[in-house]
$ cat upload_3.pdb   # PDB, C-alpha atoms
ATOM      1  CA  MET A  55      41.268  -1.001  14.891
ATOM      2  CA  ASP A  56      39.464  -4.341  14.552
ATOM      3  CA  LEU A  57      36.150  -2.615  15.240
ATOM      4  CA  LEU A  58      36.826  -0.091  12.446
ATOM      5  CA  ASN A  59      37.755  -2.905  10.059
ATOM      6  CA  ALA A  60      34.499  -4.684  10.942
ATOM      7  CA  LEU A  61      32.540  -1.478  10.335
ATOM      8  CA  VAL A  62      34.208  -0.941   6.945
ATOM      9  CA  ALA A  63      33.541  -4.556   5.912
ATOM     10  CA  LEU A  64      29.908  -4.180   6.997
ATOM     11  CA  SER A  65      29.579  -0.945   5.021
ATOM     12  CA  ASN A  66      31.239  -2.435   1.953
ATOM     13  CA  PHE A  67      29.145  -5.591   1.725
ATOM     14  CA  VAL A  68      25.876  -4.736   3.502
ATOM     15  CA  ILE A  69      25.104  -1.067   4.129
ATOM     16  CA  VAL A  70      26.157   0.526   0.809
ATOM     17  CA  PRO A  71      24.728  -2.244  -1.448
ATOM     18  CA  ALA A  72      21.485  -2.319   0.560
ATOM     19  CA  ILE A  73      21.025   1.461   0.290
ATOM     20  CA  ALA A  74      21.481   1.309  -3.495
ATOM     21  CA  TYR A  75      19.221  -1.741  -3.856
ATOM     22  CA  GLY A  76      16.647  -0.191  -1.523
ATOM     23  CA  SER A  77      16.565   2.958  -3.666
ATOM     24  CA  GLN A  78      15.862   0.843  -6.757
ATOM     25  CA  LEU A  79      13.103  -1.109  -4.997
ATOM     26  CA  ALA A  80      11.590   2.099  -3.612
ATOM     27  CA  LEU A  81      11.255   3.577  -7.115
ATOM     28  CA  GLY A  82       9.720   0.350  -8.385
ATOM     29  CA  ALA A  83       7.344   0.123  -5.422
ATOM     30  CA  LEU A  84       6.230   3.731  -5.937
ATOM     31  CA  GLY A  85       5.014   2.782  -9.410
ATOM     32  CA  VAL A  86       3.099  -0.217  -8.026
ATOM     33  CA  THR A  87       1.521   1.860  -5.243
ATOM     34  CA  LEU A  88       0.457   4.617  -7.670
ATOM     35  CA  ILE A  89      -1.334   2.079  -9.868
ATOM     36  CA  TYR A  90      -2.999   0.459  -6.864
ATOM     37  CA  GLY A  91      -3.926   3.730  -5.184
ATOM     38  CA  ILE A  92      -5.351   5.468  -8.259
ATOM     39  CA  LEU A  93      -6.327   2.768 -10.756
ATOM     40  CA  ARG A  94      -7.161   0.251  -8.016
ATOM     41  CA  PHE A  95      -5.493  -2.916  -9.214
ATOM     42  CA  SER A  96      -2.182  -4.705  -8.711
ATOM     43  CA  ASN A  97      -0.150  -4.366 -11.901
ATOM     44  CA  PHE A  98       1.742  -7.626 -12.380
ATOM     45  CA  ALA A  99       3.298  -6.248 -15.568
ATOM     46  CA  HIS A 100       5.315  -3.671 -13.603
ATOM     47  CA  GLY A 101       8.569  -5.671 -13.565
ATOM     48  CA  ASP A 102       8.452  -6.131 -17.311
ATOM     49  CA  THR A 103       7.568  -2.452 -17.764
ATOM     50  CA  MET A 104      10.865  -1.753 -15.989
ATOM     51  CA  ALA A 105      12.581  -4.212 -18.329
ATOM     52  CA  PHE A 106      11.107  -2.552 -21.424
ATOM     53  CA  GLY A 107      12.199   0.937 -20.333
ATOM     54  CA  ALA A 108      15.662  -0.329 -19.423
ATOM     55  CA  MET A 109      15.916  -2.144 -22.777
ATOM     56  CA  ILE A 110      15.301   1.105 -24.672
ATOM     57  CA  ALA A 111      17.978   2.771 -22.532
ATOM     58  CA  VAL A 112      20.402  -0.051 -23.374
ATOM     59  CA  LEU A 113      19.740   0.227 -27.122
ATOM     60  CA  VAL A 114      20.007   4.043 -27.136
ATOM     61  CA  THR A 115      23.173   3.849 -25.018
ATOM     62  CA  TRP A 116      24.756   1.433 -27.494
ATOM     63  CA  GLY A 117      23.821   3.791 -30.318
ATOM     64  CA  MET A 118      25.372   6.753 -28.526
ATOM     65  CA  GLN A 119      28.520   4.795 -27.705
ATOM     66  CA  ALA A 120      28.840   3.734 -31.364
ATOM     67  CA  ALA A 121      28.469   7.396 -32.398
ATOM     68  CA  GLY A 122      31.187   8.436 -29.941
ATOM     69  CA  VAL A 123      28.797  10.239 -27.585
ATOM     70  CA  SER A 124      29.729  10.005 -23.906
ATOM     71  CA  PHE A 125      28.911  11.653 -20.586
ATOM     72  CA  GLY A 126      32.492  11.920 -19.340
ATOM     73  CA  PRO A 127      32.994   9.959 -16.108
ATOM     74  CA  LEU A 128      29.227   9.371 -15.809
ATOM     75  CA  PRO A 129      27.413   6.517 -17.607
ATOM     76  CA  THR A 130      26.123   7.339 -21.089
ATOM     77  CA  ALA A 131      22.878   5.617 -20.003
ATOM     78  CA  LEU A 132      21.948   8.789 -18.103
ATOM     79  CA  LEU A 133      21.810  10.613 -21.458
ATOM     80  CA  ALA A 134      19.679   7.778 -22.851
ATOM     81  CA  LEU A 135      17.291   7.799 -19.866
ATOM     82  CA  PRO A 136      14.921  10.545 -21.184
ATOM     83  CA  PHE A 137      14.526   8.662 -24.492
ATOM     84  CA  ALA A 138      13.839   5.450 -22.582
ATOM     85  CA  ILE A 139      11.200   7.168 -20.437
ATOM     86  CA  LEU A 140       9.460   8.522 -23.559
ATOM     87  CA  GLY A 141       9.464   5.066 -25.166
ATOM     88  CA  CYS A 142       8.072   3.446 -22.016
ATOM     89  CA  ILE A 143       5.381   6.143 -21.701
ATOM     90  CA  LEU A 144       4.311   5.403 -25.268
ATOM     91  CA  LEU A 145       4.116   1.669 -24.499
ATOM     92  CA  VAL A 146       2.017   2.003 -21.323
ATOM     93  CA  LEU A 147      -0.353   4.560 -22.872
ATOM     94  CA  ILE A 148      -0.946   2.282 -25.875
ATOM     95  CA  THR A 149      -1.462  -0.674 -23.508
ATOM     96  CA  ASP A 150      -3.942   1.316 -21.437
ATOM     97  CA  ARG A 151      -5.794   2.553 -24.522
ATOM     98  CA  PHE A 152      -6.223  -0.868 -26.107
ATOM     99  CA  VAL A 153      -6.342  -3.146 -23.037
ATOM    100  CA  TYR A 154      -7.102  -1.619 -19.647
ATOM    101  CA  ARG A 155      -9.593   1.048 -20.773
ATOM    102  CA  PHE A 156     -12.056  -1.577 -21.963
ATOM    103  CA  TYR A 157     -12.156  -3.205 -18.520
ATOM    104  CA  ARG A 158     -12.457   0.167 -16.750
ATOM    105  CA  GLU A 159     -15.460   1.027 -18.900
ATOM    106  CA  GLN A 160     -16.969  -2.355 -18.051
ATOM    107  CA  LYS A 161     -16.412  -1.627 -14.326
ATOM    108  CA  ALA A 162     -14.507  -4.901 -14.096
ATOM    109  CA  LYS A 163     -13.501  -6.151 -10.656
ATOM    110  CA  PRO A 164      -9.866  -5.587  -9.601
ATOM    111  CA  VAL A 165      -9.116  -9.316  -9.804
ATOM    112  CA  ILE A 166     -10.011  -9.235 -13.527
ATOM    113  CA  LEU A 167      -7.538  -6.394 -14.085
ATOM    114  CA  VAL A 168      -4.882  -8.354 -12.190
ATOM    115  CA  ILE A 169      -5.381 -11.319 -14.537
ATOM    116  CA  VAL A 170      -5.285  -8.969 -17.539
ATOM    117  CA  SER A 171      -2.038  -7.433 -16.263
ATOM    118  CA  MET A 172      -0.533 -10.928 -16.094
ATOM    119  CA  GLY A 173      -1.306 -11.363 -19.795
ATOM    120  CA  VAL A 174       0.305  -7.992 -20.503
ATOM    121  CA  MET A 175       3.302  -9.114 -18.422
ATOM    122  CA  PHE A 176       3.902 -12.198 -20.591
ATOM    123  CA  ILE A 177       3.556 -10.179 -23.801
ATOM    124  CA  MET A 178       6.005  -7.512 -22.594
ATOM    125  CA  ASN A 179       8.425 -10.178 -21.383
ATOM    126  CA  GLY A 180       8.358 -11.917 -24.749
ATOM    127  CA  LEU A 181       8.722  -8.617 -26.609
ATOM    128  CA  VAL A 182      11.807  -7.601 -24.634
ATOM    129  CA  ARG A 183      13.430 -11.014 -25.076
ATOM    130  CA  PHE A 184      12.642 -10.995 -28.799
ATOM    131  CA  ILE A 185      14.224  -7.559 -29.316
ATOM    132  CA  ILE A 186      17.335  -7.752 -27.126
ATOM    133  CA  GLY A 187      17.660 -11.457 -26.272
ATOM    134  CA  PRO A 188      17.526 -13.332 -22.946
ATOM    135  CA  ASP A 189      21.193 -12.959 -21.945
ATOM    136  CA  ASP A 190      23.041 -10.485 -19.735
ATOM    137  CA  GLN A 191      23.693  -7.186 -21.476
ATOM    138  CA  ARG A 192      26.343  -4.741 -20.252
ATOM    139  CA  PHE A 193      25.850  -1.079 -21.058
ATOM    140  CA  SER A 194      27.666   0.767 -18.286
ATOM    141  CA  ASP A 195      30.669   2.955 -19.036
ATOM    142  CA  GLY A 196      32.483   5.895 -17.458
ATOM    143  CA  ALA A 197      34.284   5.755 -14.119
ATOM    144  CA  ARG A 198      33.471   2.478 -12.390
ATOM    145  CA  PHE A 199      34.435   3.458  -8.832
ATOM    146  CA  LEU A 200      34.033   6.669  -6.887
ATOM    147  CA  ILE A 201      36.163   5.244  -4.067
ATOM    148  CA  LYS A 202      38.500   2.306  -4.684
ATOM    149  CA  ALA A 203      39.301  -0.230  -1.973
ATOM    150  CA  ARG A 204      43.051   0.113  -2.559
ATOM    151  CA  ASP A 205      42.928   3.905  -2.232
ATOM    152  CA  PHE A 206      40.771   3.673   0.896
ATOM    153  CA  LYS A 207      43.308   1.326   2.529
ATOM    154  CA  ALA A 208      46.117   3.757   1.670
ATOM    155  CA  TRP A 209      44.210   6.731   3.113
ATOM    156  CA  THR A 210      43.149   5.056   6.361
ATOM    157  CA  GLY A 211      45.798   2.420   7.028
ATOM    158  CA  LEU A 212      43.071  -0.169   7.648
ATOM    159  CA  SER A 213      43.302  -3.717   6.368
ATOM    160  CA  GLU A 214      39.734  -3.564   5.008
ATOM    161  CA  GLY A 215      39.007  -1.444   1.959
ATOM    162  CA  LEU A 216      35.792   0.387   1.149
ATOM    163  CA  ALA A 217      34.764   0.396  -2.513
ATOM    164  CA  ILE A 218      31.858   2.592  -3.612
ATOM    165  CA  ARG A 219      30.773   2.183  -7.216
ATOM    166  CA  THR A 220      29.715   5.194  -9.263
ATOM    167  CA  SER A 221      26.461   3.416 -10.109
ATOM    168  CA  GLN A 222      25.593   3.140  -6.402
ATOM    169  CA  VAL A 223      26.036   6.875  -5.816
ATOM    170  CA  ILE A 224      24.111   7.725  -8.995
ATOM    171  CA  THR A 225      21.297   5.390  -7.891
ATOM    172  CA  VAL A 226      20.859   7.144  -4.552
ATOM    173  CA  VAL A 227      21.128  10.676  -6.012
ATOM    174  CA  VAL A 228      18.697   9.996  -8.877
ATOM    175  CA  ALA A 229      16.276   8.167  -6.560
ATOM    176  CA  VAL A 230      16.229  11.054  -4.066
ATOM    177  CA  ALA A 231      15.655  13.563  -6.893
ATOM    178  CA  ALA A 232      12.872  11.428  -8.431
ATOM    179  CA  VAL A 233      11.088  10.922  -5.100
ATOM    180  CA  ALA A 234      11.360  14.622  -4.238
ATOM    181  CA  ALA A 235       9.956  15.575  -7.665
ATOM    182  CA  LEU A 236       7.088  13.080  -7.289
ATOM    183  CA  PHE A 237       6.109  14.314  -3.822
ATOM    184  CA  TRP A 238       6.290  17.938  -4.991
ATOM    185  CA  PHE A 239       4.067  17.078  -7.962
ATOM    186  CA  LEU A 240       1.483  15.210  -5.862
ATOM    187  CA  ASN A 241       1.318  17.817  -3.095
ATOM    188  CA  LYS A 242       1.869  21.155  -4.843
ATOM    189  CA  THR A 243       0.416  20.956  -8.344
ATOM    190  CA  ARG A 244      -3.245  21.032  -9.289
ATOM    191  CA  THR A 245      -2.948  17.821 -11.276
ATOM    192  CA  GLY A 246      -1.277  16.047  -8.364
ATOM    193  CA  LYS A 247      -4.013  17.164  -5.986
ATOM    194  CA  SER A 248      -6.609  15.922  -8.487
ATOM    195  CA  MET A 249      -4.910  12.522  -8.514
ATOM    196  CA  ARG A 250      -4.936  12.349  -4.729
ATOM    197  CA  ALA A 251      -8.600  13.356  -4.647
ATOM    198  CA  TYR A 252      -9.439  10.702  -7.237
ATOM    199  CA  SER A 253      -7.573   8.115  -5.153
ATOM    200  CA  ASP A 254      -9.358   9.082  -1.909
ATOM    201  CA  ASN A 255     -12.897   9.221  -3.295
ATOM    202  CA  GLU A 256     -13.538   8.552  -6.977
ATOM    203  CA  ASP A 257     -17.245   9.516  -6.955
ATOM    204  CA  LEU A 258     -16.659  12.809  -5.140
ATOM    205  CA  ALA A 259     -13.742  13.622  -7.447
ATOM    206  CA  LEU A 260     -15.934  13.077 -10.518
ATOM    207  CA  LEU A 261     -18.624  15.333  -9.044
ATOM    208  CA  SER A 262     -15.931  17.991  -8.534
ATOM    209  CA  GLY A 263     -15.249  18.038 -12.273
ATOM    210  CA  ILE A 264     -12.023  16.015 -12.309
ATOM    211  CA  ASN A 265     -11.417  14.337 -15.670
ATOM    212  CA  PRO A 266     -10.828  10.632 -14.882
ATOM    213  CA  GLU A 267      -9.119   9.845 -18.201
ATOM    214  CA  ARG A 268      -6.623  12.647 -17.634
ATOM    215  CA  VAL A 269      -5.885  11.296 -14.148
ATOM    216  CA  VAL A 270      -5.340   7.827 -15.618
ATOM    217  CA  MET A 271      -3.032   9.187 -18.338
ATOM    218  CA  ILE A 272      -0.889  11.183 -15.881
ATOM    219  CA  THR A 273      -0.709   8.166 -13.574
ATOM    220  CA  TRP A 274       0.634   5.954 -16.356
ATOM    221  CA  ILE A 275       3.154   8.633 -17.361
ATOM    222  CA  LEU A 276       4.468   8.843 -13.786
ATOM    223  CA  VAL A 277       4.554   5.053 -13.479
ATOM    224  CA  ALA A 278       6.486   4.711 -16.750
ATOM    225  CA  ALA A 279       9.020   7.333 -15.638
ATOM    226  CA  LEU A 280       9.528   5.659 -12.243
ATOM    227  CA  ALA A 281       9.692   2.139 -13.708
ATOM    228  CA  THR A 282      12.200   3.115 -16.405
ATOM    229  CA  THR A 283      14.392   4.997 -13.948
ATOM    230  CA  ALA A 284      14.360   2.062 -11.518
ATOM    231  CA  GLY A 285      15.097  -0.400 -14.324
ATOM    232  CA  VAL A 286      18.010   1.610 -15.712
ATOM    233  CA  LEU A 287      19.532   2.174 -12.264
ATOM    234  CA  TYR A 288      19.262  -1.541 -11.456
ATOM    235  CA  GLY A 289      20.830  -2.437 -14.803
ATOM    236  CA  LEU A 290      23.719  -0.023 -14.257
ATOM    237  CA  ASP A 291      24.316  -1.349 -10.744
ATOM    238  CA  LYS A 292      24.123  -5.038 -11.737
ATOM    239  CA  SER A 293      23.470  -5.855 -15.377
ATOM    240  CA  PHE A 294      20.502  -5.973 -17.730
ATOM    241  CA  LYS A 295      18.825  -9.366 -18.035
ATOM    242  CA  PRO A 296      15.080  -9.496 -18.885
ATOM    243  CA  PHE A 297      14.211 -12.449 -16.628
ATOM    244  CA  VAL A 298      15.724 -10.741 -13.566
ATOM    245  CA  TYR A 299      13.186  -7.932 -13.886
ATOM    246  CA  PHE A 300      10.419 -10.525 -13.847
ATOM    247  CA  GLN A 301      11.912 -11.871 -10.595
ATOM    248  CA  LEU A 302      12.113  -8.340  -9.157
ATOM    249  CA  LEU A 303       8.315  -8.218  -9.159
ATOM    250  CA  LEU A 304       8.270 -10.138  -5.840
ATOM    251  CA  PRO A 305      10.533  -7.802  -3.800
ATOM    252  CA  ILE A 306       8.873  -4.753  -5.398
ATOM    253  CA  PHE A 307       5.385  -5.926  -4.415
ATOM    254  CA  ALA A 308       6.712  -6.940  -1.007
ATOM    255  CA  SER A 309       8.108  -3.413  -0.576
ATOM    256  CA  ALA A 310       4.797  -1.800  -1.511
ATOM    257  CA  ILE A 311       2.742  -4.094   0.739
ATOM    258  CA  VAL A 312       5.105  -3.964   3.731
ATOM    259  CA  GLY A 313       5.053  -0.160   3.646
ATOM    260  CA  GLY A 314       1.320   0.005   2.980
ATOM    261  CA  LEU A 315      -0.111  -0.493  -0.503
ATOM    262  CA  GLY A 316      -1.312   2.873  -1.779
ATOM    263  CA  SER A 317       1.043   4.863   0.470
ATOM    264  CA  PRO A 318       4.005   6.525  -1.325
ATOM    265  CA  LEU A 319       5.919   6.953   1.954
ATOM    266  CA  GLY A 320       5.253   3.318   2.748
ATOM    267  CA  ALA A 321       6.646   2.250  -0.635
ATOM    268  CA  ILE A 322       9.930   4.001   0.123
ATOM    269  CA  ALA A 323      10.187   2.592   3.655
ATOM    270  CA  GLY A 324       9.213  -0.875   2.429
ATOM    271  CA  GLY A 325      11.874  -0.776  -0.288
ATOM    272  CA  PHE A 326      14.645  -0.236   2.249
ATOM    273  CA  ILE A 327      13.211  -2.789   4.698
ATOM    274  CA  ILE A 328      13.154  -5.488   2.008
ATOM    275  CA  ALA A 329      16.600  -4.523   0.665
ATOM    276  CA  PHE A 330      18.313  -4.576   4.063
ATOM    277  CA  SER A 331      16.542  -7.831   4.976
ATOM    278  CA  GLU A 332      17.636  -9.576   1.773
ATOM    279  CA  VAL A 333      21.239  -8.356   1.934
ATOM    280  CA  THR A 334      21.635  -8.965   5.694
ATOM    281  CA  ILE A 335      20.217 -12.488   5.694
ATOM    282  CA  THR A 336      22.172 -13.640   2.615
ATOM    283  CA  TYR A 337      25.492 -12.060   3.665
ATOM    284  CA  ALA A 338      28.279 -14.326   4.958
ATOM    285  CA  TRP A 339      29.140 -12.760   8.321
ATOM    286  CA  LYS A 340      32.442 -14.598   8.874
ATOM    287  CA  LYS A 341      34.671 -11.635   8.004
ATOM    288  CA  VAL A 342      32.863  -9.166  10.287
ATOM    289  CA  LEU A 343      32.627 -11.644  13.192
ATOM    290  CA  THR A 344      36.316 -12.510  12.866
ATOM    291  CA  TYR A 345      37.144  -8.886  13.697
ATOM    292  CA  VAL A 346      34.754  -8.471  16.632
ATOM    293  CA  ALA A 347      34.525 -11.957  18.200
ATOM    294  CA  PRO A 348      36.992 -13.150  20.876
ATOM    295  CA  GLU A 349      39.866 -15.188  19.480
ATOM    296  CA  ASN A 350      38.565 -18.500  20.800
ATOM    297  CA  LEU A 351      35.081 -17.857  19.353
ATOM    298  CA  GLU A 352      36.049 -16.942  15.793
ATOM    299  CA  PRO A 353      33.704 -18.689  13.338
ATOM    300  CA  SER A 354      35.001 -21.454  11.119
ATOM    301  CA  GLY A 355      32.108 -21.425   8.671
ATOM    302  CA  LEU A 356      30.665 -18.662   6.506
ATOM    303  CA  VAL A 357      27.917 -17.798   9.049
ATOM    304  CA  GLN A 358      25.452 -17.307   6.214
ATOM    305  CA  LEU A 359      21.784 -17.811   7.037
ATOM    306  CA  LEU A 360      20.731 -18.216   3.388
ATOM    307  CA  SER A 361      22.544 -18.490   0.076
ATOM    308  CA  THR A 362      22.223 -15.488  -2.235
ATOM    309  CA  ASP A 363      20.344 -17.813  -4.605
ATOM    310  CA  TYR A 364      17.437 -17.637  -2.162
ATOM    311  CA  LYS A 365      17.375 -13.886  -1.560
ATOM    312  CA  PHE A 366      13.912 -13.533  -3.088
ATOM    313  CA  ALA A 367      12.660 -16.093  -0.553
ATOM    314  CA  VAL A 368      13.354 -13.466   2.117
ATOM    315  CA  SER A 369      10.953 -11.081   0.365
ATOM    316  CA  PHE A 370       8.355 -13.827   0.149
ATOM    317  CA  VAL A 371       8.542 -14.668   3.872
ATOM    318  CA  ILE A 372       8.327 -10.999   4.894
ATOM    319  CA  LEU A 373       5.411 -10.496   2.508
ATOM    320  CA  LEU A 374       3.626 -13.537   3.965
ATOM    321  CA  ILE A 375       4.104 -12.334   7.560
ATOM    322  CA  VAL A 376       2.803  -8.850   6.748
ATOM    323  CA  LEU A 377      -0.245 -10.205   4.889
ATOM    324  CA  LEU A 378      -1.077 -12.470   7.824
ATOM    325  CA  PHE A 379      -0.606 -10.033  10.694
ATOM    326  CA  LYS A 380      -0.761  -6.476   9.274
ATOM    327  CA  PRO A 381      -2.264  -6.447   5.763
ATOM    328  CA  THR A 382      -2.498  -2.617   5.710
ATOM    329  CA  GLY A 383       1.311  -2.345   6.121
ATOM    330  CA  LEU A 384       3.396  -0.025   8.260
ATOM    331  CA  PHE A 385       1.835   3.187   6.944
ATOM    332  CA  LYS A 386      -1.736   1.850   6.926
ATOM    333  CA  GLY A 387      -2.317   1.696   3.226
ATOM    334  CA  LYS A 388      -5.180  -0.187   1.620
ATOM    335  CA  ALA A 389      -5.484  -3.822   2.596
ATOM    336  CA  VAL A 390      -4.787  -6.275  -0.188
TER     337      VAL A 390
END

$ encode --input "upload_3.pdb" --output "structure tokens"
Amino acid sequence: MDLLNALVALSNFVIVPAIAYGSQLALGALGVTLIYGILRFSNFAHGDTMAFGAMIAVLVTWGMQAAGVSFGPLPTALLALPFAILGCILLVLITDRFVYRFYREQKAKPVILVIVSMGVMFIMNGLVRFIIGPDDQRFSDGARFLIKARDFKAWTGLSEGLAIRTSQVITVVVAVAAVAALFWFLNKTRTGKSMRAYSDNEDLALLSGINPERVVMITWILVAALATTAGVLYGLDKSFKPFVYFQLLLPIFASAIVGGLGSPLGAIAGGFIIAFSEVTITYAWKKVLTYVAPENLEPSGLVQLLSTDYKFAVSFVILLIVLLFKPTGLFKGKAV
């Protein structure tokens, strides 16, 4: 019985949250790896692109809630998501048209585009804060829990309860659907194959008649859709705060680089590696160890390696180790 209680506690505080968080990071990292693989630069504005898309979802959700529109037990934000994606697509296409295109035409080095993306990042960050403010914004509604801890205890007779939030289940389901749709698009459609060809060999792709501007446009559309979806799912699971999305840039880049920058599969694997590392290292293991340790060895302290305040430091250390010893990542993407 103690072993089952330990397993439930581990699932409740480590496994389930890490799977949801890993799904959000994987979607974010896919956007970063698409930009790097096809447009060949590291987009430092990606976190704030997520924030902008999520902000539109928040505003549309509030409008729908005020008008009495709901999605039953599901969050109204899911109805607002398509509008948010369209708004984010418009933003990134305008940004590309008036900012990035100039540097592409000048054949600027990738480091120049990285610096430019940092300028775009600050502008987007300021824009989001100006429109919606810097504070936490709640926009979730509907059923909060799919499984409640009290009900789980009643069903199983265990002393530990398992609580699974609706937002966590939605995150995993939407992430799986989005990843499946992306891989189908890249592998089965003519446009997707053109994008892959352009990524593998730009000169050969141009000789084959592939329109580079169309490839760039489709790439930004996909990135906007992935970034907005990741931002909305993260906001539903936690809360919406613009500065947090700026901080998410580190674990998202760490996910993309750990998996292999430029590799979509690597981005997904890296997202879950970073998520489980952050959650595992910052979790206080006292409760789990109390169930499984012998009575005379039960811990008196929290048994917490790092405070949750330092969870992004975990991403930084993992990123540093990978860059030092395996810069191409697990799936042998392009070295940074």

$ closest_residue --input "upload_3.pdb" --among "A:Asp291, A:Asp254, A:Asp205, A:Glu267" --to "Ile73 of chain A" --atoms "only C-alpha atoms"
A:Asp291

$ resolve_selection --input "upload_3.pdb" --expression "the PyMOL selection byres ((chain A and resi 297) around 10)" --output "ChimeraX atom specification"
/A:101-102,105,179,182-183,188-190,294-296,298-302

$ write_last_selection --input "upload_3.pdb" --atoms "C-alpha atoms" --output "PDB file, in the coordinates of the input"
ATOM      1  CA  GLY A 101       8.569  -5.671 -13.565  1.00  0.00           C
ATOM      2  CA  ASP A 102       8.452  -6.131 -17.311  1.00  0.00           C
ATOM      3  CA  ALA A 105      12.581  -4.212 -18.329  1.00  0.00           C
ATOM      4  CA  ASN A 179       8.425 -10.178 -21.383  1.00  0.00           C
ATOM      5  CA  VAL A 182      11.807  -7.601 -24.634  1.00  0.00           C
ATOM      6  CA  ARG A 183      13.430 -11.014 -25.076  1.00  0.00           C
ATOM      7  CA  PRO A 188      17.526 -13.332 -22.946  1.00  0.00           C
ATOM      8  CA  ASP A 189      21.193 -12.959 -21.945  1.00  0.00           C
ATOM      9  CA  ASP A 190      23.041 -10.485 -19.735  1.00  0.00           C
ATOM     10  CA  PHE A 294      20.502  -5.973 -17.730  1.00  0.00           C
ATOM     11  CA  LYS A 295      18.825  -9.366 -18.035  1.00  0.00           C
ATOM     12  CA  PRO A 296      15.080  -9.496 -18.885  1.00  0.00           C
ATOM     13  CA  VAL A 298      15.724 -10.741 -13.566  1.00  0.00           C
ATOM     14  CA  TYR A 299      13.186  -7.932 -13.886  1.00  0.00           C
ATOM     15  CA  PHE A 300      10.419 -10.525 -13.847  1.00  0.00           C
ATOM     16  CA  GLN A 301      11.912 -11.871 -10.595  1.00  0.00           C
ATOM     17  CA  LEU A 302      12.113  -8.340  -9.157  1.00  0.00           C
TER      18      LEU A 302
END

$ closest_residue --input "upload_3.pdb" --among "A:Thr344, A:Gln119, A:Ser213, A:Thr336" --to "Gln358 of chain A" --atoms "only C-alpha atoms"
A:Thr336

$ closest_residue --input "upload_3.pdb" --among "A:Leu304, A:Val312, A:Leu84, A:Ala251" --to "Phe370 of chain A" --atoms "only C-alpha atoms"
A:Leu304

$ closest_atom_pairs --input "upload_3.pdb" --of "segment 121-190 of chain A" --to "segment 275-282 of chain A" --cutoff "8 Å" --atoms "all atoms listed in the file" --output "tab-separated table"
residue	atom	partner	partner_atom	distance
A:Leu135	CA	A:Thr282	CA	7.7
A:Ala138	CA	A:Thr282	CA	6.8
A:Ile139	CA	A:Ala279	CA	5.3
A:Cys142	CA	A:Ala278	CA	5.6
A:Ile143	CA	A:Ala278	CA	5.3
A:Val146	CA	A:Ala278	CA	6.9
A:Leu147	CA	A:Ile275	CA	7.7

$ closest_residue --input "upload_3.pdb" --among "A:Pro129, A:Gly85, A:Gly107, A:Pro381" --to "Leu145 of chain A" --atoms "only C-alpha atoms"
A:Gly107
